[in-house]
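*Asks:* See start35.cif below, with mmCIF, C-alpha atoms and all ligand atoms.
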```cif
data_final
#
loop_
_atom_site.label_atom_id
_atom_site.label_comp_id
_atom_site.auth_asym_id
_atom_site.auth_seq_id
_atom_site.Cartn_x
_atom_site.Cartn_y
_atom_site.Cartn_z
CA MET U 225 -123.49 -126.51 -76.81
CA SER U 226 -122.88 -127.05 -80.54
CA LEU U 227 -122.94 -124.15 -83.00
CA LYS U 228 -126.14 -125.55 -84.49
CA ASP U 229 -127.83 -125.47 -81.07
CA LYS U 230 -126.93 -121.79 -80.70
CA ILE U 231 -129.13 -120.87 -83.68
CA ASP U 232 -132.43 -119.23 -82.72
CA ILE U 233 -134.84 -121.13 -84.95
CA LYS U 234 -137.51 -118.42 -84.47
CA ASN U 235 -135.21 -115.80 -85.99
CA LEU U 236 -133.89 -117.67 -89.03
CA PRO U 237 -133.22 -115.83 -92.26
CA GLN U 238 -135.84 -117.15 -94.68
CA HIS U 239 -133.58 -116.48 -97.64
CA ILE U 240 -129.79 -116.81 -97.68
CA ALA U 241 -127.76 -115.85 -100.73
CA ILE U 242 -124.15 -116.92 -101.22
CA ILE U 243 -121.31 -115.70 -103.42
CA MET U 244 -119.21 -118.85 -103.59
CA ASP U 245 -115.73 -117.42 -104.11
CA GLY U 246 -112.19 -118.74 -103.89
CA ASN U 247 -112.32 -122.00 -105.82
CA GLY U 248 -109.44 -121.00 -108.10
CA ARG U 249 -107.18 -119.87 -105.23
CA TRP U 250 -107.98 -123.02 -103.25
CA ALA U 251 -106.84 -125.18 -106.16
CA LYS U 252 -103.77 -123.07 -106.92
CA MET U 253 -102.62 -123.31 -103.29
CA ARG U 254 -102.57 -127.08 -103.80
CA GLY U 255 -100.74 -126.89 -107.13
CA LYS U 256 -103.87 -128.00 -109.01
CA HIS U 257 -105.85 -126.60 -111.90
CA ARG U 258 -108.65 -124.11 -111.09
CA VAL U 259 -111.27 -126.63 -112.24
CA PHE U 260 -110.26 -128.89 -109.35
CA GLY U 261 -111.35 -126.07 -107.02
CA HIS U 262 -114.75 -125.88 -108.71
CA GLU U 263 -115.14 -129.66 -108.38
CA GLN U 264 -114.41 -129.45 -104.67
CA GLY U 265 -116.81 -126.52 -104.48
CA VAL U 266 -119.63 -128.88 -105.38
CA ILE U 267 -119.07 -130.68 -102.04
CA SER U 268 -119.57 -127.34 -100.28
CA VAL U 269 -122.74 -126.72 -102.29
CA ARG U 270 -124.10 -130.10 -101.14
CA GLU U 271 -123.15 -129.51 -97.48
CA THR U 272 -124.56 -125.99 -97.43
CA ALA U 273 -127.84 -126.92 -99.12
CA GLU U 274 -128.28 -129.84 -96.72
CA ALA U 275 -127.54 -127.68 -93.66
CA ALA U 276 -129.85 -124.88 -94.81
CA ALA U 277 -132.74 -127.26 -95.49
CA GLU U 278 -132.19 -129.11 -92.18
CA ILE U 279 -132.47 -125.97 -90.06
CA GLY U 280 -135.48 -124.61 -91.94
CA VAL U 281 -134.16 -121.97 -94.36
CA LYS U 282 -136.74 -121.57 -97.14
CA PHE U 283 -134.62 -120.13 -99.99
CA LEU U 284 -130.93 -120.63 -100.72
CA THR U 285 -129.61 -118.71 -103.73
CA LEU U 286 -126.13 -119.55 -105.02
CA TYR U 287 -124.13 -117.39 -107.43
CA ALA U 288 -122.87 -120.23 -109.61
CA PHE U 289 -122.00 -118.37 -112.83
CA SER U 290 -122.11 -114.63 -113.45
CA THR U 291 -122.70 -112.76 -116.70
CA GLU U 292 -119.06 -111.67 -116.37
CA ASN U 293 -117.79 -115.26 -115.94
CA TRP U 294 -118.28 -115.80 -119.70
CA LYS U 295 -115.08 -113.74 -120.10
CA ARG U 296 -113.00 -116.48 -118.42
CA PRO U 297 -110.78 -118.73 -120.59
CA ALA U 298 -112.98 -120.95 -122.79
CA THR U 299 -111.56 -124.11 -121.20
CA GLU U 300 -112.68 -123.00 -117.72
CA VAL U 301 -116.13 -121.95 -118.95
CA GLU U 302 -116.54 -125.32 -120.66
CA ALA U 303 -115.41 -127.19 -117.56
CA LEU U 304 -117.80 -125.20 -115.37
CA MET U 305 -120.75 -125.92 -117.67
CA LYS U 306 -119.84 -129.61 -117.75
CA LEU U 307 -119.63 -129.66 -113.96
CA LEU U 308 -123.01 -127.98 -113.68
CA VAL U 309 -124.67 -130.49 -115.98
CA GLN U 310 -123.03 -133.39 -114.13
CA THR U 311 -123.93 -132.04 -110.69
CA ILE U 312 -127.53 -131.24 -111.57
CA HIS U 313 -127.90 -134.72 -113.10
CA GLN U 314 -126.36 -136.49 -110.11
CA GLU U 315 -128.10 -134.46 -107.42
CA THR U 316 -131.69 -134.44 -108.70
CA LYS U 317 -132.57 -137.57 -106.76
CA THR U 318 -131.06 -136.20 -103.53
CA LEU U 319 -132.98 -132.96 -104.04
CA THR U 320 -136.22 -134.92 -104.39
CA ASP U 321 -135.41 -137.18 -101.42
CA ASN U 322 -134.91 -134.03 -99.34
CA ASP U 323 -138.02 -132.26 -100.69
CA ILE U 324 -135.91 -129.46 -102.23
CA ARG U 325 -137.10 -127.61 -105.33
CA LEU U 326 -134.48 -126.52 -107.86
CA LYS U 327 -134.93 -123.13 -109.49
CA ALA U 328 -132.72 -120.89 -111.59
CA ILE U 329 -132.36 -117.17 -112.24
CA GLY U 330 -130.34 -115.53 -114.99
CA ASP U 331 -130.06 -115.50 -118.75
CA LEU U 332 -130.82 -119.20 -119.16
CA ASP U 333 -131.11 -118.81 -122.95
CA SER U 334 -127.38 -118.08 -123.07
CA LEU U 335 -126.52 -121.48 -121.55
CA ASP U 336 -125.58 -124.23 -123.94
CA GLU U 337 -128.36 -126.53 -125.06
CA ASN U 338 -127.26 -129.48 -122.95
CA CYS U 339 -126.97 -127.44 -119.77
CA ARG U 340 -130.36 -125.76 -120.28
CA LYS U 341 -132.01 -129.12 -121.00
CA GLU U 342 -130.58 -130.73 -117.87
CA LEU U 343 -131.56 -127.75 -115.76
CA ILE U 344 -135.15 -127.63 -117.06
CA GLU U 345 -135.53 -131.37 -116.53
CA ALA U 346 -134.30 -131.12 -112.93
CA MET U 347 -136.54 -128.10 -112.27
CA ASN U 348 -139.56 -129.99 -113.63
CA THR U 349 -138.73 -133.13 -111.62
CA THR U 350 -138.42 -131.17 -108.36
CA ALA U 351 -141.21 -128.64 -109.06
CA SER U 352 -143.60 -129.89 -106.39
CA ASN U 353 -141.01 -130.12 -103.60
CA LYS U 354 -141.73 -127.82 -100.67
CA ARG U 355 -139.08 -127.82 -97.95
CA MET U 356 -136.65 -125.33 -99.53
CA ASP U 357 -135.97 -123.65 -102.88
CA LEU U 358 -132.40 -124.04 -104.08
CA VAL U 359 -131.95 -121.23 -106.58
CA LEU U 360 -128.98 -121.30 -108.94
CA ALA U 361 -127.93 -117.95 -110.37
CA LEU U 362 -126.61 -118.90 -113.80
CA SER U 363 -125.38 -116.41 -116.38
CA TYR U 364 -126.81 -113.92 -113.91
CA SER U 365 -125.95 -110.41 -112.86
CA GLY U 366 -128.00 -107.80 -111.05
CA ARG U 367 -127.53 -105.18 -113.76
CA TRP U 368 -128.52 -107.69 -116.47
CA GLU U 369 -131.65 -108.54 -114.49
CA LEU U 370 -132.58 -104.87 -113.93
CA THR U 371 -132.01 -104.05 -117.59
CA GLU U 372 -134.28 -106.92 -118.67
CA THR U 373 -136.90 -105.86 -116.13
CA PHE U 374 -136.89 -102.23 -117.30
CA LYS U 375 -137.17 -103.40 -120.93
CA ALA U 376 -140.16 -105.60 -120.02
CA LEU U 377 -141.84 -102.73 -118.17
CA ALA U 378 -141.16 -100.33 -121.07
CA ASN U 379 -142.78 -102.83 -123.45
CA LYS U 380 -145.85 -103.04 -121.20
CA VAL U 381 -146.07 -99.24 -121.23
CA ARG U 382 -145.72 -99.18 -125.03
CA SER U 383 -148.49 -101.70 -125.46
CA GLY U 384 -150.76 -99.78 -123.10
CA ILE U 385 -150.94 -102.47 -120.36
CA LEU U 386 -149.04 -100.35 -117.85
CA ASN U 387 -149.30 -96.70 -116.90
CA PRO U 388 -145.83 -95.23 -116.07
CA ASP U 389 -147.34 -93.63 -112.94
CA ASP U 390 -148.18 -97.12 -111.67
CA ILE U 391 -144.54 -98.25 -111.66
CA THR U 392 -143.73 -98.72 -107.98
CA GLN U 393 -140.91 -100.53 -106.19
CA GLU U 394 -143.31 -103.44 -105.78
CA VAL U 395 -144.01 -103.56 -109.53
CA ILE U 396 -140.26 -103.64 -110.21
CA SER U 397 -139.73 -106.42 -107.61
CA ASN U 398 -142.56 -108.43 -109.16
CA ASN U 399 -140.92 -108.25 -112.57
CA LEU U 400 -137.46 -109.42 -111.48
CA ASN U 401 -136.24 -112.99 -111.94
CA THR U 402 -136.75 -113.38 -108.19
CA ALA U 403 -140.47 -112.44 -108.29
CA GLY U 404 -142.31 -114.27 -105.54
CA MET U 405 -139.20 -114.84 -103.43
CA PRO U 406 -138.51 -112.87 -100.25
CA GLU U 407 -135.45 -110.60 -100.34
CA PRO U 408 -132.38 -112.26 -98.83
CA GLU U 409 -131.93 -111.31 -95.19
CA LEU U 410 -128.36 -112.63 -95.24
CA LEU U 411 -125.74 -112.57 -98.00
CA ILE U 412 -122.55 -114.54 -97.44
CA ARG U 413 -119.37 -114.13 -99.48
CA THR U 414 -116.41 -116.42 -99.02
CA SER U 415 -112.71 -115.89 -99.76
CA GLY U 416 -112.17 -112.56 -97.99
CA GLU U 417 -113.40 -110.35 -100.84
CA CYS U 418 -115.80 -107.70 -99.55
CA ARG U 419 -117.91 -106.91 -102.61
CA ILE U 420 -121.36 -107.75 -103.95
CA SER U 421 -120.03 -108.21 -107.50
CA ASN U 422 -123.32 -107.52 -109.30
CA PHE U 423 -125.31 -110.14 -107.34
CA LEU U 424 -128.95 -109.42 -106.38
CA ILE U 425 -128.29 -105.67 -106.32
CA TRP U 426 -131.96 -104.62 -106.10
CA GLN U 427 -132.92 -107.37 -103.65
CA SER U 428 -130.03 -106.81 -101.23
CA ALA U 429 -130.79 -103.15 -100.41
CA TYR U 430 -131.32 -104.10 -96.73
CA THR U 431 -129.54 -107.44 -96.65
CA GLU U 432 -127.06 -108.17 -93.88
CA LEU U 433 -123.65 -108.87 -95.43
CA TYR U 434 -121.33 -111.50 -93.99
CA PHE U 435 -117.80 -111.90 -95.27
CA THR U 436 -115.58 -114.83 -94.33
CA SER U 437 -111.98 -115.51 -95.32
CA LYS U 438 -112.76 -119.22 -95.80
CA LEU U 439 -112.38 -120.26 -99.43
CA TRP U 440 -115.55 -121.82 -100.86
CA PRO U 441 -114.21 -125.42 -101.10
CA ASP U 442 -113.50 -125.26 -97.34
CA PHE U 443 -117.00 -123.99 -96.46
CA ARG U 444 -118.92 -126.50 -94.36
CA LYS U 445 -122.15 -126.70 -92.32
CA GLU U 446 -120.48 -125.14 -89.27
CA ASP U 447 -119.52 -122.10 -91.37
CA LEU U 448 -123.14 -121.60 -92.36
CA TYR U 449 -124.20 -121.89 -88.71
CA GLU U 450 -121.58 -119.28 -87.74
CA ALA U 451 -122.88 -116.86 -90.38
CA ILE U 452 -126.46 -117.31 -89.17
CA ILE U 453 -125.47 -116.79 -85.52
CA ASP U 454 -123.62 -113.60 -86.51
CA TYR U 455 -126.72 -112.41 -88.42
CA GLN U 456 -128.92 -113.12 -85.40
CA GLN U 457 -126.82 -110.82 -83.25
CA ARG U 458 -127.44 -107.83 -85.53
CA GLU U 459 -130.17 -105.24 -85.20
CA ARG U 460 -132.00 -104.70 -88.50
CA ARG U 461 -133.33 -101.13 -88.45
CA PHE U 462 -134.46 -100.52 -92.07
CA GLY U 463 -133.80 -96.78 -91.66
CA LYS U 464 -135.56 -96.50 -88.28
CA VAL U 465 -133.92 -95.89 -84.89
CA SER U 466 -133.10 -98.61 -82.39
CA GLU U 467 -135.91 -97.65 -79.93
CA GLN U 468 -138.57 -98.00 -82.63
CA ILE U 469 -137.36 -101.48 -83.47
CA LYS U 470 -137.32 -102.57 -79.80
CA SER U 471 -140.85 -101.23 -79.15
CA CYS U 472 -142.20 -103.39 -82.02
CA ARG U 473 -140.82 -106.61 -80.56
C1 LIG U 501 -115.78 -118.45 -107.86
O1 LIG U 501 -114.48 -118.87 -107.54
C2 LIG U 501 -116.63 -119.59 -108.23
C3 LIG U 501 -117.28 -119.74 -109.43
C4 LIG U 501 -117.21 -118.74 -110.51
C5 LIG U 501 -118.06 -120.94 -109.75
C6 LIG U 501 -118.82 -121.58 -108.63
C7 LIG U 501 -119.15 -122.95 -109.04
C8 LIG U 501 -119.18 -124.03 -108.24
C9 LIG U 501 -118.98 -123.99 -106.80
C10 LIG U 501 -119.41 -125.38 -108.82
C11 LIG U 501 -120.72 -125.70 -109.38
C12 LIG U 501 -121.89 -125.19 -108.63
C13 LIG U 501 -123.11 -125.76 -108.61
C14 LIG U 501 -124.24 -125.01 -108.00
C15 LIG U 501 -123.42 -127.07 -109.17
P1 LIG U 501 -113.27 -118.31 -108.41
O2 LIG U 501 -113.04 -119.24 -109.53
O3 LIG U 501 -113.56 -116.90 -108.82
O4 LIG U 501 -112.10 -118.37 -107.39
P2 LIG U 501 -110.85 -117.35 -107.30
O5 LIG U 501 -111.40 -116.01 -106.93
O6 LIG U 501 -110.02 -117.95 -106.23
O7 LIG U 501 -110.19 -117.35 -108.64
#
```
Let's see the structure in the file written out as structure tokens.
*Replies:*
Amino acid sequence: MSLKDKIDIKNLPQHIAIIMDGNGRWAKMRGKHRVFGHEQGVISVRETAEAAAEIGVKFLTLYAFSTENWKRPATEVEALMKLLVQTIHQETKTLTDNDIRLKAIGDLDSLDENCRKELIEAMNTTASNKRMDLVLALSYSGRWELTETFKALANKVRSGILNPDDITQEVISNNLNTAGMPEPELLIRTSGECRISNFLIWQSAYTELYFTSKLWPDFRKEDLYEAIIDYQQRERRFGKVSEQIKSCR
């Protein structure tokens, strides 16, 4: 029985989020520049998106560039932006052929003009696709997103559209960049680091975390299947006790 066949299709996570880590180390281990690791990471992005769409995952969110990544050497930031533009440009047709919609979360205004233009074009081209949403987190961090959300809510209060007593968890969720998306049931991080690193911090309150020592450029379809199988063996209790969960099944 292949790993793919071991997946219980009725218990798939609808939304998987991934912190793609280890590109730099992967390249360094091969005596290459860090950018080479990012380039190879694009192959893993393609494989993972294809595998997720094939098995029926509805949302795949990838942490492609964090707010903090702007602090990297300018040459690496430039190379990453160039790679993003190139990849988005090259992959738009494949996304459409596979009925995948491209979306983005993050401070898109901080991206350079060319990158933003390419991204918006690809999002428009794929807007009516329905099989899966591929969401790129670009210039994104959870704290940035929460700060922007609280500012937006405060402005609504100031202009009299919103009563502070009506601010609920649902209102906050509906004002995040991820409004309309389900919370991720599974968050994968590669490269052996066991941190969330400011990714989807509100949305991952009850997310199952999966850490693998594989470096991102080595991540393949089988690795995604393994993570899903591991997730399917867990009991998600959301604060309740095991018996309550079993009696609801
Ligand atoms: C983390 O590895 C990876 C990134 C900051 C960038 C991820 C980008 C890609 C995989 C390429 C482009 C993606 C898309 C969606 C087109 P790291 O550099 O922090 O690795 P290290 O921890 O080994 O230094």
*Asks:* Wanna dump the segment 336-397 of chain U-segment 269-292 of chain U contacts at 10 Å for me, each residue with its shortest atom pair and the distance in Å to one decimal, counting only C-alpha atoms, ordered by chain and number, as a tab-separated table?
*Replies:*
```
residue	atom	partner	partner_atom	distance
U:Lys354	CA	U:Lys282	CA	8.7
U:Arg355	CA	U:Lys282	CA	6.7
U:Met356	CA	U:Lys282	CA	4.5
U:Asp357	CA	U:Phe283	CA	4.8
U:Leu358	CA	U:Leu284	CA	5.0
U:Val359	CA	U:Thr285	CA	4.5
U:Leu360	CA	U:Leu286	CA	5.2
U:Ala361	CA	U:Tyr287	CA	4.8
U:Leu362	CA	U:Phe289	CA	4.7
U:Ser363	CA	U:Thr291	CA	4.5
U:Tyr364	CA	U:Ser290	CA	4.8
U:Ser365	CA	U:Thr291	CA	5.6
U:Gly366	CA	U:Thr291	CA	9.2
U:Arg367	CA	U:Thr291	CA	9.5
U:Trp368	CA	U:Thr291	CA	7.7
```
*Asks:* List as JSON, numbers by chain the protein and nucleic acid residues lying within 8 Å of ligand LIG 501 (chain U), with all atoms listed in the file counted.
*Replies:* {"U": [243, 244, 245, 246, 247, 248, 249, 250, 251, 258, 261, 262, 263, 264, 265, 266, 268, 269, 286, 287, 288, 289, 290, 293, 304, 307, 308, 309, 311, 312, 360, 415, 439, 440, 441]}
*Asks:* In terms of the shortest atom-to-atom distance over all atoms listed in the file, which of U:Ile240, U:Cys418, U:Ile233, U:Ala303 is closest to Phe260 of chain U?
*Replies:*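 Ranked by minimum distance to Phe260 of chain U, first place goes to U:Ala303.
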*Asks:* Determine the nearest neighbour of Glu394 of chain U from the options U:Gln427, U:Thr371, U:Thr318, U:Gln457, counting only C-alpha atoms.
*Replies:*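 Checking each of U:Gln427, U:Thr371, U:Thr318, U:Gln457 against Glu394 of chain U, counting only C-alpha atoms, the winner is U:Gln427.
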*Asks:* Please determine, counting all atoms listed in the file, which residue among U:Leu370, U:Val395, U:Val465, U:Ala298 has the shortest atom-to-atom distance to Phe423 of chain U.
*Replies:*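 Ranking U:Leu370, U:Val395, U:Val465, U:Ala298 by distance to Phe423 of chain U, first place goes to U:Leu370.
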*Asks:* What is the distance between atom CA of Glu467 of chain U and atom CA of Asn235 of chain U, in Å to one decimal?
*Replies:*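 Going from atom CA of Glu467 of chain U over to atom CA of Asn235 of chain U, I get 19.1 Å.
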*Asks:* Save segment 257-268 of chain U from what I just supplied, as a PDB file, in the first residue's frame, atoms limited to all heavy atoms.
*Replies:*
```
ATOM      1  N   HIS U 257      25.509  29.004  -3.256  1.00  0.00           N
ATOM      2  CA  HIS U 257      24.950  30.217  -2.661  1.00  0.00           C
ATOM      3  C   HIS U 257      23.522  29.933  -2.182  1.00  0.00           C
ATOM      4  O   HIS U 257      22.817  29.110  -2.763  1.00  0.00           O
ATOM      5  CB  HIS U 257      24.954  31.342  -3.708  1.00  0.00           C
ATOM      6  CG  HIS U 257      24.681  32.683  -3.102  1.00  0.00           C
ATOM      7  ND1 HIS U 257      23.405  33.147  -2.891  1.00  0.00           N
ATOM      8  CD2 HIS U 257      25.523  33.635  -2.634  1.00  0.00           C
ATOM      9  CE1 HIS U 257      23.474  34.340  -2.322  1.00  0.00           C
ATOM     10  NE2 HIS U 257      24.741  34.659  -2.155  1.00  0.00           N
ATOM     11  N   ARG U 258      23.094  30.654  -1.136  1.00  0.00           N
ATOM     12  CA  ARG U 258      21.757  30.451  -0.562  1.00  0.00           C
ATOM     13  C   ARG U 258      20.643  30.521  -1.605  1.00  0.00           C
ATOM     14  O   ARG U 258      19.654  29.788  -1.531  1.00  0.00           O
ATOM     15  CB  ARG U 258      21.488  31.522   0.502  1.00  0.00           C
ATOM     16  CG  ARG U 258      22.435  31.491   1.693  1.00  0.00           C
ATOM     17  CD  ARG U 258      22.141  32.668   2.622  1.00  0.00           C
ATOM     18  NE  ARG U 258      20.749  32.717   2.963  1.00  0.00           N
ATOM     19  CZ  ARG U 258      20.185  31.970   3.913  1.00  0.00           C
ATOM     20  NH1 ARG U 258      20.921  31.138   4.609  1.00  0.00           N
ATOM     21  NH2 ARG U 258      18.905  32.066   4.163  1.00  0.00           N
ATOM     22  N   VAL U 259      20.843  31.414  -2.593  1.00  0.00           N
ATOM     23  CA  VAL U 259      19.799  31.614  -3.617  1.00  0.00           C
ATOM     24  C   VAL U 259      19.527  30.312  -4.385  1.00  0.00           C
ATOM     25  O   VAL U 259      18.395  30.036  -4.793  1.00  0.00           O
ATOM     26  CB  VAL U 259      20.202  32.767  -4.568  1.00  0.00           C
ATOM     27  CG1 VAL U 259      19.227  32.904  -5.713  1.00  0.00           C
ATOM     28  CG2 VAL U 259      20.311  34.074  -3.784  1.00  0.00           C
ATOM     29  N   PHE U 260      20.570  29.499  -4.539  1.00  0.00           N
ATOM     30  CA  PHE U 260      20.401  28.211  -5.217  1.00  0.00           C
ATOM     31  C   PHE U 260      19.388  27.348  -4.443  1.00  0.00           C
ATOM     32  O   PHE U 260      18.569  26.637  -5.034  1.00  0.00           O
ATOM     33  CB  PHE U 260      21.763  27.503  -5.326  1.00  0.00           C
ATOM     34  CG  PHE U 260      21.703  26.181  -6.037  1.00  0.00           C
ATOM     35  CD1 PHE U 260      21.335  26.116  -7.374  1.00  0.00           C
ATOM     36  CD2 PHE U 260      22.009  24.997  -5.369  1.00  0.00           C
ATOM     37  CE1 PHE U 260      21.272  24.881  -8.029  1.00  0.00           C
ATOM     38  CE2 PHE U 260      21.950  23.769  -6.020  1.00  0.00           C
ATOM     39  CZ  PHE U 260      21.582  23.716  -7.354  1.00  0.00           C
ATOM     40  N   GLY U 261      19.436  27.451  -3.122  1.00  0.00           N
ATOM     41  CA  GLY U 261      18.477  26.715  -2.283  1.00  0.00           C
ATOM     42  C   GLY U 261      17.057  27.206  -2.516  1.00  0.00           C
ATOM     43  O   GLY U 261      16.119  26.403  -2.597  1.00  0.00           O
ATOM     44  N   HIS U 262      16.889  28.519  -2.641  1.00  0.00           N
ATOM     45  CA  HIS U 262      15.546  29.060  -2.904  1.00  0.00           C
ATOM     46  C   HIS U 262      15.052  28.572  -4.277  1.00  0.00           C
ATOM     47  O   HIS U 262      13.882  28.219  -4.428  1.00  0.00           O
ATOM     48  CB  HIS U 262      15.563  30.591  -2.866  1.00  0.00           C
ATOM     49  CG  HIS U 262      15.950  31.163  -1.529  1.00  0.00           C
ATOM     50  ND1 HIS U 262      15.431  30.699  -0.343  1.00  0.00           N
ATOM     51  CD2 HIS U 262      16.807  32.163  -1.177  1.00  0.00           C
ATOM     52  CE1 HIS U 262      15.957  31.387   0.668  1.00  0.00           C
ATOM     53  NE2 HIS U 262      16.795  32.272   0.175  1.00  0.00           N
ATOM     54  N   GLU U 263      15.971  28.574  -5.250  1.00  0.00           N
ATOM     55  CA  GLU U 263      15.569  28.117  -6.600  1.00  0.00           C
ATOM     56  C   GLU U 263      15.089  26.670  -6.567  1.00  0.00           C
ATOM     57  O   GLU U 263      14.084  26.314  -7.169  1.00  0.00           O
ATOM     58  CB  GLU U 263      16.746  28.258  -7.577  1.00  0.00           C
ATOM     59  CG  GLU U 263      17.018  29.693  -7.964  1.00  0.00           C
ATOM     60  CD  GLU U 263      18.387  29.895  -8.603  1.00  0.00           C
ATOM     61  OE1 GLU U 263      19.149  28.904  -8.759  1.00  0.00           O
ATOM     62  OE2 GLU U 263      18.710  31.054  -8.914  1.00  0.00           O
ATOM     63  N   GLN U 264      15.827  25.841  -5.819  1.00  0.00           N
ATOM     64  CA  GLN U 264      15.413  24.433  -5.707  1.00  0.00           C
ATOM     65  C   GLN U 264      14.114  24.314  -4.913  1.00  0.00           C
ATOM     66  O   GLN U 264      13.316  23.412  -5.143  1.00  0.00           O
ATOM     67  CB  GLN U 264      16.519  23.608  -5.036  1.00  0.00           C
ATOM     68  CG  GLN U 264      17.787  23.509  -5.859  1.00  0.00           C
ATOM     69  CD  GLN U 264      17.554  22.859  -7.208  1.00  0.00           C
ATOM     70  OE1 GLN U 264      17.070  21.748  -7.298  1.00  0.00           O
ATOM     71  NE2 GLN U 264      17.893  23.571  -8.289  1.00  0.00           N
ATOM     72  N   GLY U 265      13.917  25.261  -4.008  1.00  0.00           N
ATOM     73  CA  GLY U 265      12.686  25.283  -3.207  1.00  0.00           C
ATOM     74  C   GLY U 265      11.447  25.455  -4.065  1.00  0.00           C
ATOM     75  O   GLY U 265      10.359  24.994  -3.695  1.00  0.00           O
ATOM     76  N   VAL U 266      11.604  26.080  -5.201  1.00  0.00           N
ATOM     77  CA  VAL U 266      10.457  26.271  -6.105  1.00  0.00           C
ATOM     78  C   VAL U 266       9.948  24.908  -6.604  1.00  0.00           C
ATOM     79  O   VAL U 266       8.744  24.698  -6.765  1.00  0.00           O
ATOM     80  CB  VAL U 266      10.842  27.196  -7.289  1.00  0.00           C
ATOM     81  CG1 VAL U 266       9.731  27.254  -8.317  1.00  0.00           C
ATOM     82  CG2 VAL U 266      11.170  28.593  -6.787  1.00  0.00           C
ATOM     83  N   ILE U 267      10.873  23.963  -6.804  1.00  0.00           N
ATOM     84  CA  ILE U 267      10.468  22.615  -7.255  1.00  0.00           C
ATOM     85  C   ILE U 267       9.588  21.972  -6.174  1.00  0.00           C
ATOM     86  O   ILE U 267       8.566  21.348  -6.461  1.00  0.00           O
ATOM     87  CB  ILE U 267      11.714  21.743  -7.562  1.00  0.00           C
ATOM     88  CG1 ILE U 267      12.535  22.396  -8.685  1.00  0.00           C
ATOM     89  CG2 ILE U 267      11.312  20.309  -7.922  1.00  0.00           C
ATOM     90  CD1 ILE U 267      13.897  21.764  -8.922  1.00  0.00           C
ATOM     91  N   SER U 268       9.978  22.185  -4.915  1.00  0.00           N
ATOM     92  CA  SER U 268       9.178  21.634  -3.804  1.00  0.00           C
ATOM     93  C   SER U 268       7.816  22.304  -3.730  1.00  0.00           C
ATOM     94  O   SER U 268       6.812  21.654  -3.408  1.00  0.00           O
ATOM     95  CB  SER U 268       9.917  21.819  -2.476  1.00  0.00           C
ATOM     96  OG  SER U 268      11.217  21.306  -2.567  1.00  0.00           O
TER      97      SER U 268
END
```
